[in-house]
file coords.pdb (PDB, C-alpha atoms and all ligand atoms)
ATOM      1  CA  MET A   5     -80.686 -59.217-153.352  1.00  0.00           C
ATOM      2  CA  PHE A   6     -78.809 -56.959-150.949  1.00  0.00           C
ATOM      3  CA  ILE A   7     -76.860 -54.072-152.424  1.00  0.00           C
ATOM      4  CA  GLY A   8     -75.191 -50.954-151.031  1.00  0.00           C
ATOM      5  CA  THR A   9     -75.717 -47.266-151.742  1.00  0.00           C
ATOM      6  CA  ARG A  10     -75.899 -47.105-155.522  1.00  0.00           C
ATOM      7  CA  ARG A  11     -73.865 -43.913-155.716  1.00  0.00           C
ATOM      8  CA  TYR A  12     -70.842 -45.631-154.144  1.00  0.00           C
ATOM      9  CA  SER A  13     -71.171 -49.399-154.234  1.00  0.00           C
ATOM     10  CA  SER A  14     -69.169 -50.494-157.233  1.00  0.00           C
ATOM     11  CA  TRP A  15     -69.349 -54.184-156.316  1.00  0.00           C
ATOM     12  CA  SER A  16     -73.119 -53.935-155.982  1.00  0.00           C
ATOM     13  CA  LEU A  17     -73.353 -52.444-159.471  1.00  0.00           C
ATOM     14  CA  ARG A  18     -71.493 -55.430-160.919  1.00  0.00           C
ATOM     15  CA  GLY A  19     -73.633 -58.026-159.145  1.00  0.00           C
ATOM     16  CA  TRP A  20     -76.876 -56.182-159.843  1.00  0.00           C
ATOM     17  CA  LEU A  21     -76.054 -55.962-163.559  1.00  0.00           C
ATOM     18  CA  ALA A  22     -75.461 -59.727-163.714  1.00  0.00           C
ATOM     19  CA  VAL A  23     -78.709 -60.421-161.856  1.00  0.00           C
ATOM     20  CA  ARG A  24     -80.730 -58.100-164.069  1.00  0.00           C
ATOM     21  CA  LEU A  25     -79.097 -59.350-167.276  1.00  0.00           C
ATOM     22  CA  ALA A  26     -80.003 -62.889-166.213  1.00  0.00           C
ATOM     23  CA  GLY A  27     -83.565 -61.747-165.564  1.00  0.00           C
ATOM     24  CA  LEU A  28     -83.732 -63.099-162.002  1.00  0.00           C
ATOM     25  CA  ASP A  29     -86.847 -62.100-160.143  1.00  0.00           C
ATOM     26  CA  VAL A  30     -85.519 -60.908-156.771  1.00  0.00           C
ATOM     27  CA  GLU A  31     -86.456 -58.183-154.345  1.00  0.00           C
ATOM     28  CA  GLU A  32     -83.752 -55.502-154.078  1.00  0.00           C
ATOM     29  CA  VAL A  33     -82.789 -54.278-150.623  1.00  0.00           C
ATOM     30  CA  VAL A  34     -80.510 -51.234-150.568  1.00  0.00           C
ATOM     31  CA  ILE A  35     -78.382 -50.860-147.446  1.00  0.00           C
ATOM     32  CA  PRO A  36     -76.839 -47.404-146.987  1.00  0.00           C
ATOM     33  CA  LEU A  37     -73.086 -47.893-146.660  1.00  0.00           C
ATOM     34  CA  GLY A  38     -70.778 -46.594-143.979  1.00  0.00           C
ATOM     35  CA  ARG A  39     -73.333 -45.471-141.425  1.00  0.00           C
ATOM     36  CA  SER A  40     -72.067 -47.473-138.435  1.00  0.00           C
ATOM     37  CA  GLY A  41     -68.864 -49.115-137.244  1.00  0.00           C
ATOM     38  CA  ALA A  42     -67.508 -52.378-138.657  1.00  0.00           C
ATOM     39  CA  GLY A  43     -69.121 -55.485-137.162  1.00  0.00           C
ATOM     40  CA  GLU A  44     -72.311 -53.710-136.180  1.00  0.00           C
ATOM     41  CA  SER A  45     -73.179 -52.436-139.636  1.00  0.00           C
ATOM     42  CA  GLU A  46     -76.422 -53.334-141.342  1.00  0.00           C
ATOM     43  CA  VAL A  47     -74.378 -55.031-144.072  1.00  0.00           C
ATOM     44  CA  ALA A  48     -72.658 -57.222-141.468  1.00  0.00           C
ATOM     45  CA  LYS A  49     -75.992 -58.123-139.890  1.00  0.00           C
ATOM     46  CA  ARG A  50     -77.732 -59.051-143.107  1.00  0.00           C
ATOM     47  CA  THR A  51     -75.084 -60.819-145.185  1.00  0.00           C
ATOM     48  CA  PRO A  52     -72.906 -63.903-144.518  1.00  0.00           C
ATOM     49  CA  SER A  53     -69.647 -62.221-145.541  1.00  0.00           C
ATOM     50  CA  GLY A  54     -70.405 -58.720-144.292  1.00  0.00           C
ATOM     51  CA  THR A  55     -70.293 -57.455-147.845  1.00  0.00           C
ATOM     52  CA  VAL A  56     -72.674 -56.482-150.594  1.00  0.00           C
ATOM     53  CA  PRO A  57     -73.728 -57.590-153.130  1.00  0.00           C
ATOM     54  CA  TYR A  58     -75.377 -60.655-151.625  1.00  0.00           C
ATOM     55  CA  LEU A  59     -77.918 -62.754-153.512  1.00  0.00           C
ATOM     56  CA  GLU A  60     -80.476 -65.224-152.226  1.00  0.00           C
ATOM     57  CA  HIS A  61     -82.249 -67.020-155.063  1.00  0.00           C
ATOM     58  CA  ASN A  62     -84.230 -70.288-155.025  1.00  0.00           C
ATOM     59  CA  GLY A  63     -82.512 -71.387-151.835  1.00  0.00           C
ATOM     60  CA  ASN A  64     -79.038 -70.548-153.163  1.00  0.00           C
ATOM     61  CA  ARG A  65     -77.025 -68.065-151.125  1.00  0.00           C
ATOM     62  CA  VAL A  66     -74.356 -66.307-153.171  1.00  0.00           C
ATOM     63  CA  TRP A  67     -71.821 -63.695-152.126  1.00  0.00           C
ATOM     64  CA  GLU A  68     -68.586 -62.518-153.776  1.00  0.00           C
ATOM     65  CA  THR A  69     -69.359 -60.657-156.974  1.00  0.00           C
ATOM     66  CA  ILE A  70     -67.544 -63.032-159.289  1.00  0.00           C
ATOM     67  CA  ALA A  71     -69.553 -65.946-157.838  1.00  0.00           C
ATOM     68  CA  ILE A  72     -72.775 -63.982-158.412  1.00  0.00           C
ATOM     69  CA  CYS A  73     -71.703 -63.482-162.039  1.00  0.00           C
ATOM     70  CA  GLU A  74     -71.009 -67.215-162.393  1.00  0.00           C
ATOM     71  CA  TYR A  75     -74.337 -68.127-160.761  1.00  0.00           C
ATOM     72  CA  CYS A  76     -76.221 -65.810-163.116  1.00  0.00           C
ATOM     73  CA  ALA A  77     -74.396 -67.339-166.091  1.00  0.00           C
ATOM     74  CA  GLU A  78     -75.523 -70.819-164.979  1.00  0.00           C
ATOM     75  CA  LEU A  79     -79.076 -69.594-165.464  1.00  0.00           C
ATOM     76  CA  HIS A  80     -78.402 -67.327-168.445  1.00  0.00           C
ATOM     77  CA  PRO A  81     -75.396 -68.703-170.373  1.00  0.00           C
ATOM     78  CA  ALA A  82     -75.157 -65.651-172.679  1.00  0.00           C
ATOM     79  CA  LEU A  83     -73.510 -63.843-169.765  1.00  0.00           C
ATOM     80  CA  TRP A  84     -70.314 -65.511-170.973  1.00  0.00           C
ATOM     81  CA  PRO A  85     -69.325 -65.617-174.672  1.00  0.00           C
ATOM     82  CA  GLU A  86     -70.147 -68.702-176.689  1.00  0.00           C
ATOM     83  CA  THR A  87     -66.775 -70.131-177.744  1.00  0.00           C
ATOM     84  CA  LEU A  88     -64.437 -71.693-175.215  1.00  0.00           C
ATOM     85  CA  GLU A  89     -61.622 -69.351-176.248  1.00  0.00           C
ATOM     86  CA  ALA A  90     -63.672 -66.187-175.792  1.00  0.00           C
ATOM     87  CA  ARG A  91     -65.344 -67.514-172.650  1.00  0.00           C
ATOM     88  CA  THR A  92     -61.968 -68.296-171.122  1.00  0.00           C
ATOM     89  CA  HIS A  93     -60.706 -64.815-171.895  1.00  0.00           C
ATOM     90  CA  ALA A  94     -63.860 -63.229-170.453  1.00  0.00           C
ATOM     91  CA  ARG A  95     -63.369 -65.186-167.236  1.00  0.00           C
ATOM     92  CA  VAL A  96     -59.675 -64.279-167.069  1.00  0.00           C
ATOM     93  CA  ILE A  97     -60.209 -60.540-167.420  1.00  0.00           C
ATOM     94  CA  SER A  98     -63.141 -60.653-165.005  1.00  0.00           C
ATOM     95  CA  ALA A  99     -60.966 -62.454-162.457  1.00  0.00           C
ATOM     96  CA  GLU A 100     -58.230 -59.837-162.960  1.00  0.00           C
ATOM     97  CA  MET A 101     -60.786 -57.127-162.200  1.00  0.00           C
ATOM     98  CA  HIS A 102     -62.131 -58.980-159.186  1.00  0.00           C
ATOM     99  CA  SER A 103     -58.743 -59.339-157.539  1.00  0.00           C
ATOM    100  CA  GLY A 104     -56.864 -56.341-158.879  1.00  0.00           C
ATOM    101  CA  PHE A 105     -56.562 -52.666-159.686  1.00  0.00           C
ATOM    102  CA  ARG A 106     -56.536 -51.760-156.009  1.00  0.00           C
ATOM    103  CA  SER A 107     -54.710 -48.465-156.601  1.00  0.00           C
ATOM    104  CA  LEU A 108     -57.265 -47.252-159.094  1.00  0.00           C
ATOM    105  CA  ARG A 109     -60.140 -48.392-156.897  1.00  0.00           C
ATOM    106  CA  GLN A 110     -58.717 -46.600-153.877  1.00  0.00           C
ATOM    107  CA  ALA A 111     -57.646 -43.375-155.556  1.00  0.00           C
ATOM    108  CA  MET A 112     -60.807 -43.037-157.635  1.00  0.00           C
ATOM    109  CA  PRO A 113     -63.707 -44.362-155.561  1.00  0.00           C
ATOM    110  CA  MET A 114     -66.969 -44.687-157.445  1.00  0.00           C
ATOM    111  CA  VAL A 115     -69.078 -41.602-156.737  1.00  0.00           C
ATOM    112  CA  LEU A 116     -71.762 -41.369-159.404  1.00  0.00           C
ATOM    113  CA  GLY A 117     -72.617 -37.824-160.344  1.00  0.00           C
ATOM    114  CA  ARG A 118     -69.655 -36.234-158.569  1.00  0.00           C
ATOM    115  CA  ASP A 119     -67.757 -33.581-160.482  1.00  0.00           C
ATOM    116  CA  GLY A 120     -64.360 -35.155-159.834  1.00  0.00           C
ATOM    117  CA  ALA A 121     -62.400 -34.024-162.881  1.00  0.00           C
ATOM    118  CA  GLY A 122     -58.675 -34.244-162.195  1.00  0.00           C
ATOM    119  CA  HIS A 123     -58.975 -35.884-158.771  1.00  0.00           C
ATOM    120  CA  GLY A 124     -57.515 -39.263-157.850  1.00  0.00           C
ATOM    121  CA  GLN A 125     -54.866 -39.441-160.522  1.00  0.00           C
ATOM    122  CA  THR A 126     -52.040 -40.974-158.547  1.00  0.00           C
ATOM    123  CA  SER A 127     -49.231 -42.585-160.514  1.00  0.00           C
ATOM    124  CA  ASP A 128     -50.208 -46.064-159.264  1.00  0.00           C
ATOM    125  CA  ALA A 129     -53.834 -45.509-160.286  1.00  0.00           C
ATOM    126  CA  LEU A 130     -52.671 -44.469-163.741  1.00  0.00           C
ATOM    127  CA  VAL A 131     -50.590 -47.655-164.028  1.00  0.00           C
ATOM    128  CA  ASP A 132     -53.774 -49.635-163.322  1.00  0.00           C
ATOM    129  CA  LEU A 133     -55.649 -47.556-165.875  1.00  0.00           C
ATOM    130  CA  HIS A 134     -52.977 -48.236-168.486  1.00  0.00           C
ATOM    131  CA  ARG A 135     -53.378 -51.986-167.923  1.00  0.00           C
ATOM    132  CA  ILE A 136     -57.187 -51.738-168.098  1.00  0.00           C
ATOM    133  CA  GLU A 137     -57.025 -49.808-171.356  1.00  0.00           C
ATOM    134  CA  ALA A 138     -54.777 -52.548-172.789  1.00  0.00           C
ATOM    135  CA  ILE A 139     -57.221 -55.251-171.644  1.00  0.00           C
ATOM    136  CA  TRP A 140     -60.155 -53.456-173.252  1.00  0.00           C
ATOM    137  CA  ARG A 141     -58.230 -52.738-176.464  1.00  0.00           C
ATOM    138  CA  GLU A 142     -56.924 -56.299-176.864  1.00  0.00           C
ATOM    139  CA  THR A 143     -60.275 -57.869-175.967  1.00  0.00           C
ATOM    140  CA  ARG A 144     -62.191 -55.703-178.405  1.00  0.00           C
ATOM    141  CA  ALA A 145     -59.621 -56.314-181.138  1.00  0.00           C
ATOM    142  CA  ALA A 146     -59.894 -60.085-180.701  1.00  0.00           C
ATOM    143  CA  TYR A 147     -63.599 -60.495-179.931  1.00  0.00           C
ATOM    144  CA  GLY A 148     -65.396 -57.152-180.167  1.00  0.00           C
ATOM    145  CA  ALA A 149     -66.324 -56.940-183.846  1.00  0.00           C
ATOM    146  CA  GLY A 150     -70.010 -56.420-184.351  1.00  0.00           C
ATOM    147  CA  GLY A 151     -70.789 -54.264-181.347  1.00  0.00           C
ATOM    148  CA  PRO A 152     -69.539 -51.703-178.847  1.00  0.00           C
ATOM    149  CA  TYR A 153     -68.967 -54.024-175.870  1.00  0.00           C
ATOM    150  CA  LEU A 154     -65.902 -56.082-174.934  1.00  0.00           C
ATOM    151  CA  PHE A 155     -67.206 -59.141-176.757  1.00  0.00           C
ATOM    152  CA  GLY A 156     -69.199 -57.338-179.461  1.00  0.00           C
ATOM    153  CA  GLY A 157     -72.919 -56.827-179.424  1.00  0.00           C
ATOM    154  CA  THR A 158     -73.818 -58.484-176.116  1.00  0.00           C
ATOM    155  CA  PHE A 159     -73.162 -56.752-172.807  1.00  0.00           C
ATOM    156  CA  ASN A 160     -71.946 -59.662-170.667  1.00  0.00           C
ATOM    157  CA  ASN A 161     -70.385 -60.445-167.285  1.00  0.00           C
ATOM    158  CA  ALA A 162     -67.024 -58.973-168.334  1.00  0.00           C
ATOM    159  CA  ASP A 163     -68.685 -55.644-169.151  1.00  0.00           C
ATOM    160  CA  ALA A 164     -70.525 -55.809-165.829  1.00  0.00           C
ATOM    161  CA  MET A 165     -67.228 -56.350-163.997  1.00  0.00           C
ATOM    162  CA  TYR A 166     -65.670 -53.305-165.660  1.00  0.00           C
ATOM    163  CA  ALA A 167     -68.747 -51.037-165.549  1.00  0.00           C
ATOM    164  CA  PRO A 168     -67.648 -49.348-162.291  1.00  0.00           C
ATOM    165  CA  VAL A 169     -64.272 -48.559-163.896  1.00  0.00           C
ATOM    166  CA  VAL A 170     -66.177 -46.830-166.675  1.00  0.00           C
ATOM    167  CA  ALA A 171     -68.092 -44.870-164.033  1.00  0.00           C
ATOM    168  CA  ARG A 172     -64.820 -43.804-162.415  1.00  0.00           C
ATOM    169  CA  LEU A 173     -63.309 -42.653-165.701  1.00  0.00           C
ATOM    170  CA  LEU A 174     -66.408 -40.607-166.473  1.00  0.00           C
ATOM    171  CA  THR A 175     -66.191 -38.970-163.032  1.00  0.00           C
ATOM    172  CA  TYR A 176     -62.460 -38.311-162.716  1.00  0.00           C
ATOM    173  CA  LEU A 177     -61.725 -37.744-166.417  1.00  0.00           C
ATOM    174  CA  PRO A 178     -58.127 -38.951-166.627  1.00  0.00           C
ATOM    175  CA  GLN A 179     -56.570 -38.864-170.086  1.00  0.00           C
ATOM    176  CA  ILE A 180     -57.823 -41.850-172.070  1.00  0.00           C
ATOM    177  CA  GLY A 181     -57.623 -42.917-175.685  1.00  0.00           C
ATOM    178  CA  PRO A 182     -60.507 -42.526-178.136  1.00  0.00           C
ATOM    179  CA  GLU A 183     -61.228 -46.283-178.128  1.00  0.00           C
ATOM    180  CA  THR A 184     -61.478 -46.276-174.353  1.00  0.00           C
ATOM    181  CA  LEU A 185     -63.815 -43.303-174.459  1.00  0.00           C
ATOM    182  CA  ALA A 186     -66.040 -44.981-177.066  1.00  0.00           C
ATOM    183  CA  TYR A 187     -66.291 -48.088-174.874  1.00  0.00           C
ATOM    184  CA  CYS A 188     -67.085 -45.954-171.814  1.00  0.00           C
ATOM    185  CA  GLU A 189     -69.844 -44.156-173.671  1.00  0.00           C
ATOM    186  CA  ALA A 190     -71.361 -47.440-174.851  1.00  0.00           C
ATOM    187  CA  VAL A 191     -71.390 -48.859-171.325  1.00  0.00           C
ATOM    188  CA  ARG A 192     -72.834 -45.650-169.850  1.00  0.00           C
ATOM    189  CA  ALA A 193     -75.606 -45.705-172.467  1.00  0.00           C
ATOM    190  CA  HIS A 194     -76.617 -49.317-171.753  1.00  0.00           C
ATOM    191  CA  PRO A 195     -80.206 -49.223-170.405  1.00  0.00           C
ATOM    192  CA  LEU A 196     -79.356 -51.053-167.178  1.00  0.00           C
ATOM    193  CA  VAL A 197     -76.375 -48.812-166.443  1.00  0.00           C
ATOM    194  CA  ALA A 198     -78.563 -45.787-167.162  1.00  0.00           C
ATOM    195  CA  GLU A 199     -81.209 -47.187-164.808  1.00  0.00           C
ATOM    196  CA  TRP A 200     -78.636 -47.622-162.033  1.00  0.00           C
ATOM    197  CA  TYR A 201     -77.376 -44.027-162.469  1.00  0.00           C
ATOM    198  CA  ASP A 202     -80.954 -42.786-162.354  1.00  0.00           C
ATOM    199  CA  LEU A 203     -81.768 -44.699-159.176  1.00  0.00           C
ATOM    200  CA  ALA A 204     -78.511 -43.445-157.639  1.00  0.00           C
ATOM    201  CA  ALA A 205     -79.460 -39.860-158.402  1.00  0.00           C
ATOM    202  CA  HIS A 206     -82.649 -40.290-156.361  1.00  0.00           C
ATOM    203  CA  GLU A 207     -81.042 -41.691-153.216  1.00  0.00           C
ATOM    204  CA  PRO A 208     -81.502 -39.661-150.018  1.00  0.00           C
ATOM    205  CA  LEU A 209     -78.920 -36.911-149.595  1.00  0.00           C
ATOM    206  CA  GLU A 210     -78.305 -38.077-146.027  1.00  0.00           C
ATOM    207  CA  TRP A 211     -76.746 -41.276-147.416  1.00  0.00           C
ATOM    208  CA  ARG A 212     -73.864 -39.228-148.813  1.00  0.00           C
ATOM    209  CA  LEU A 213     -70.476 -39.784-147.213  1.00  0.00           C
ATOM    210  CA  ASP A 214     -67.982 -37.016-146.891  1.00  0.00           C
ATOM    211  CA  HIS A 215     -64.891 -39.162-147.430  1.00  0.00           C
ATOM    212  CA  TYR A 216     -66.132 -40.268-150.845  1.00  0.00           C
ATOM    213  CA  GLU A 217     -67.639 -36.960-151.917  1.00  0.00           C
ATOM    214  CA  ASN A 218     -64.456 -35.075-151.107  1.00  0.00           C
ATOM    215  CA  ALA A 219     -61.781 -37.690-151.798  1.00  0.00           C
ATOM    216  CA  PRO A 220     -58.610 -35.866-152.974  1.00  0.00           C
TER
HETATM  217  N1  LIG A 301     -64.905 -59.210-152.600  1.00  0.00           N
HETATM  218  C1  LIG A 301     -66.228 -58.670-152.411  1.00  0.00           C
HETATM  219  C2  LIG A 301     -66.126 -57.183-152.156  1.00  0.00           C
HETATM  220  C3  LIG A 301     -67.453 -56.564-151.813  1.00  0.00           C
HETATM  221  C4  LIG A 301     -67.314 -55.265-151.054  1.00  0.00           C
HETATM  222  O1  LIG A 301     -66.210 -54.893-150.599  1.00  0.00           O
HETATM  223  N2  LIG A 301     -68.421 -54.560-150.904  1.00  0.00           N
HETATM  224  C5  LIG A 301     -68.427 -53.345-150.090  1.00  0.00           C
HETATM  225  C6  LIG A 301     -69.350 -52.301-150.699  1.00  0.00           C
HETATM  226  S1  LIG A 301     -68.885 -51.858-152.341  1.00  0.00           S
HETATM  227  C7  LIG A 301     -68.988 -53.685-148.728  1.00  0.00           C
HETATM  228  O2  LIG A 301     -69.868 -54.511-148.607  1.00  0.00           O
HETATM  229  N3  LIG A 301     -68.461 -53.060-147.661  1.00  0.00           N
HETATM  230  C8  LIG A 301     -68.962 -53.352-146.337  1.00  0.00           C
HETATM  231  C9  LIG A 301     -69.604 -52.172-145.689  1.00  0.00           C
HETATM  232  O3  LIG A 301     -69.559 -51.088-146.255  1.00  0.00           O
HETATM  233  O4  LIG A 301     -70.160 -52.347-144.574  1.00  0.00           O
HETATM  234  C10 LIG A 301     -67.098 -58.966-153.628  1.00  0.00           C
HETATM  235  O5  LIG A 301     -66.527 -59.279-154.676  1.00  0.00           O
HETATM  236  O6  LIG A 301     -68.332 -58.938-153.567  1.00  0.00           O
END
call {"tool": "encode", "arguments": {"input": "coords.pdb", "output": "structure tokens", "more": "lines below"}}
Ligand SMILES: N[C@@H](CCC(=O)N[C@@H](CS)C(=O)NCC(=O)O)C(=O)O
result
Amino acid sequence: MFIGTRRYSSWSLRGWLAVRLAGLDVEEVVIPLGRSGAGESEVAKRTPSGTVPYLEHNGNRVWETIAICEYCAELHPALWPETLEARTHARVISAEMHSGFRSLRQAMPMVLGRDGAGHGQTSDALVDLHRIEAIWRETRAAYGAGGPYLFGGTFNNADAMYAPVVARLLTYLPQIGPETLAYCEAVRAHPLVAEWYDLAAHEPLEWRLDHYENAP
């Protein structure tokens, strides 16, 4: 599995969580992001789409994070909820994450461990955040009884898709409601998320990129 710098690569975090939750036995190759021009980058050389995450497993070649999540769920069905209604909703909100929230993603890039309090809070980013809080609140109200995650006690593909949003909120500290904070804390405390943060903290300092570290 090819992933990017853990400190920055939000899409890699999503795909890696799905792969690890499914228990796939794959070698992990970390490609430092942003160290050469487009087209000649290591990511472009080593992946079909020029993006990470990219998974090769048992002869299957899978790129696009949402497709990696679906592939992992083929092998480990608990990555989607059990009932058709809940499963449909999990897919819908995961698709909304995959294609949306551009303003939030741009204004608050994932930079694990950065002290970014107060940065990135553009009005468009806060509109995205408002929508995400509503998604989390409504999903937990409908399906979340019995545990701290979106669909209750099992951390699934939908949580994986939103985990980098959690990371952003914990870095930039915009105003959020108590329910949102409780969900963020639960995701941050999940052992795989904690493992990713820990691995990110040990990446070489020379992989750090100024434009992320000092984004306004
Ligand atoms: N739509 C893609 C987006 C993946 C993406 O944009 N990944 C970034 C890193 S987070 C990337 O590979 N950028 C190319 C590069 O930095 O060379 C997906 O869902 O996997």
call {"tool": "closest_residue", "arguments": {"input": "coords.pdb", "among": "A:Glu100, A:Asp119, A:Glu68, A:Asp29", "to": "Trp15 in chain A", "atoms": "all atoms listed in the file"}}
result
A:Glu68
call {"tool": "residues_near_ligand", "arguments": {"input": "coords.pdb", "ligand": "ligand LIG 301 (chain A)", "cutoff": "7 Å", "atoms": "only C-alpha atoms and all ligand atoms", "output": "NGL selection string"}}
result
:A and (8 or 12-16 or 37-38 or 42 or 45 or 47-48 or 54-57 or 67-70 or 102)
call {"tool": "closest_residue", "arguments": {"input": "coords.pdb", "among": "A:Ala149, A:Ala129, A:Met5, A:Leu88", "to": "Gly104 in chain A", "atoms": "only C-alpha atoms"}}
result
A:Ala129
call {"tool": "resolve_selection", "arguments": {"input": "coords.pdb", "expression": "the PyMOL selection byres (((chain A and resi 128) around 12) and not hetatm)", "output": "list in words"}}
result
Phe105, Arg106, Ser107, Leu108, Arg109, Gln110, Ala111, Met112, Gly124, Gln125, Thr126, Ser127, Ala129, Leu130, Val131, Asp132, Leu133, His134 and Arg135 of chain A
call {"tool": "atom_distance", "arguments": {"input": "coords.pdb", "atom1": "CA of Met114 in chain A", "atom2": "CA of Val169 in chain A"}}
result
8.0 Å
call {"tool": "closest_residue", "arguments": {"input": "coords.pdb", "among": "A:Trp211, A:Tyr153, A:Phe6, A:Tyr147", "to": "Ile72 in chain A", "atoms": "all atoms listed in the file"}}
result
A:Phe6
call {"tool": "closest_residue", "arguments": {"input": "coords.pdb", "among": "A:Ala90, A:Leu196, A:Pro208, A:Gly63", "to": "Ile35 in chain A", "atoms": "all atoms listed in the file"}}
result
A:Pro208
call {"tool": "axis_aligned_box", "arguments": {"input": "coords.pdb", "around": "range 135-149 of chain A", "padding_each_side": "8 Å", "output": "lines of an AutoDock Vina configuration file"}}
result
center_x = -59.9
center_y = -55.2
center_z = -175.9
size_x = 28.9
size_y = 26.7
size_z = 31.9
call {"tool": "closest_residue", "arguments": {"input": "coords.pdb", "among": "A:Gly117, A:Gly181, A:Gly157, A:Gly122", "to": "His206 in chain A", "atoms": "all atoms listed in the file"}}
result
A:Gly117
call {"tool": "residues_around", "arguments": {"input": "coords.pdb", "residues": "Asn161 in chain A", "least_positions_apart": "2", "cutoff": "12 Å", "atoms": "all atoms listed in the file", "output": "PyMOL selection string"}}
result
chain A and resi 17-26+69-78+80-85+91+93-99+101-102+153-155+158-159+163-167
call {"tool": "decode", "arguments": {"input": "coords.pdb", "residues": "range 43-58 of chain A", "atoms": "N, CA, C and O atoms", "output": "PDB file, in the first residue's frame"}}
result
ATOM      1  N   GLY A  43       3.952  15.494 -12.047  1.00  0.00           N
ATOM      2  CA  GLY A  43       4.344  14.707 -13.216  1.00  0.00           C
ATOM      3  C   GLY A  43       5.625  13.935 -12.995  1.00  0.00           C
ATOM      4  O   GLY A  43       5.777  12.826 -13.471  1.00  0.00           O
ATOM      5  N   GLU A  44       6.554  14.513 -12.239  1.00  0.00           N
ATOM      6  CA  GLU A  44       7.807  13.797 -12.003  1.00  0.00           C
ATOM      7  C   GLU A  44       7.884  13.312 -10.558  1.00  0.00           C
ATOM      8  O   GLU A  44       8.902  12.792 -10.129  1.00  0.00           O
ATOM      9  N   SER A  45       6.811  13.503  -9.809  1.00  0.00           N
ATOM     10  CA  SER A  45       6.849  13.154  -8.398  1.00  0.00           C
ATOM     11  C   SER A  45       6.894  11.647  -8.235  1.00  0.00           C
ATOM     12  O   SER A  45       6.486  10.878  -9.112  1.00  0.00           O
ATOM     13  N   GLU A  46       7.381  11.228  -7.081  1.00  0.00           N
ATOM     14  CA  GLU A  46       7.434   9.817  -6.739  1.00  0.00           C
ATOM     15  C   GLU A  46       6.020   9.218  -6.745  1.00  0.00           C
ATOM     16  O   GLU A  46       5.811   8.094  -7.182  1.00  0.00           O
ATOM     17  N   VAL A  47       5.051  10.005  -6.281  1.00  0.00           N
ATOM     18  CA  VAL A  47       3.664   9.526  -6.267  1.00  0.00           C
ATOM     19  C   VAL A  47       3.214   9.256  -7.706  1.00  0.00           C
ATOM     20  O   VAL A  47       2.603   8.213  -8.003  1.00  0.00           O
ATOM     21  N   ALA A  48       3.529  10.161  -8.613  1.00  0.00           N
ATOM     22  CA  ALA A  48       3.128   9.980 -10.014  1.00  0.00           C
ATOM     23  C   ALA A  48       3.799   8.757 -10.617  1.00  0.00           C
ATOM     24  O   ALA A  48       3.187   8.027 -11.409  1.00  0.00           O
ATOM     25  N   LYS A  49       5.044   8.522 -10.237  1.00  0.00           N
ATOM     26  CA  LYS A  49       5.775   7.376 -10.803  1.00  0.00           C
ATOM     27  C   LYS A  49       5.236   6.048 -10.300  1.00  0.00           C
ATOM     28  O   LYS A  49       5.263   5.053 -11.006  1.00  0.00           O
ATOM     29  N   ARG A  50       4.750   6.026  -9.075  1.00  0.00           N
ATOM     30  CA  ARG A  50       4.471   4.735  -8.445  1.00  0.00           C
ATOM     31  C   ARG A  50       2.999   4.370  -8.352  1.00  0.00           C
ATOM     32  O   ARG A  50       2.664   3.298  -7.877  1.00  0.00           O
ATOM     33  N   THR A  51       2.116   5.280  -8.780  1.00  0.00           N
ATOM     34  CA  THR A  51       0.684   4.992  -8.675  1.00  0.00           C
ATOM     35  C   THR A  51      -0.012   5.279 -10.016  1.00  0.00           C
ATOM     36  O   THR A  51       0.403   6.177 -10.739  1.00  0.00           O
ATOM     37  N   PRO A  52      -1.064   4.523 -10.337  1.00  0.00           N
ATOM     38  CA  PRO A  52      -1.751   4.726 -11.624  1.00  0.00           C
ATOM     39  C   PRO A  52      -2.355   6.116 -11.762  1.00  0.00           C
ATOM     40  O   PRO A  52      -2.351   6.702 -12.842  1.00  0.00           O
ATOM     41  N   SER A  53      -2.907   6.651 -10.683  1.00  0.00           N
ATOM     42  CA  SER A  53      -3.642   7.917 -10.768  1.00  0.00           C
ATOM     43  C   SER A  53      -2.793   9.118 -10.358  1.00  0.00           C
ATOM     44  O   SER A  53      -3.264  10.243 -10.397  1.00  0.00           O
ATOM     45  N   GLY A  54      -1.565   8.845  -9.910  1.00  0.00           N
ATOM     46  CA  GLY A  54      -0.737   9.945  -9.411  1.00  0.00           C
ATOM     47  C   GLY A  54      -1.201  10.444  -8.066  1.00  0.00           C
ATOM     48  O   GLY A  54      -0.933  11.597  -7.699  1.00  0.00           O
ATOM     49  N   THR A  55      -1.916   9.591  -7.350  1.00  0.00           N
ATOM     50  CA  THR A  55      -2.379   9.981  -6.015  1.00  0.00           C
ATOM     51  C   THR A  55      -2.201   8.819  -5.031  1.00  0.00           C
ATOM     52  O   THR A  55      -2.227   7.649  -5.421  1.00  0.00           O
ATOM     53  N   VAL A  56      -2.030   9.184  -3.788  1.00  0.00           N
ATOM     54  CA  VAL A  56      -2.089   8.224  -2.697  1.00  0.00           C
ATOM     55  C   VAL A  56      -3.373   8.515  -1.910  1.00  0.00           C
ATOM     56  O   VAL A  56      -3.825   9.661  -1.897  1.00  0.00           O
ATOM     57  N   PRO A  57      -3.956   7.493  -1.306  1.00  0.00           N
ATOM     58  CA  PRO A  57      -3.498   6.127  -1.152  1.00  0.00           C
ATOM     59  C   PRO A  57      -3.707   5.299  -2.424  1.00  0.00           C
ATOM     60  O   PRO A  57      -4.612   5.578  -3.202  1.00  0.00           O
ATOM     61  N   TYR A  58      -2.857   4.276  -2.558  1.00  0.00           N
ATOM     62  CA  TYR A  58      -2.989   3.317  -3.646  1.00  0.00           C
ATOM     63  C   TYR A  58      -2.702   1.936  -3.076  1.00  0.00           C
ATOM     64  O   TYR A  58      -1.686   1.738  -2.407  1.00  0.00           O
TER      65      TYR A  58
END
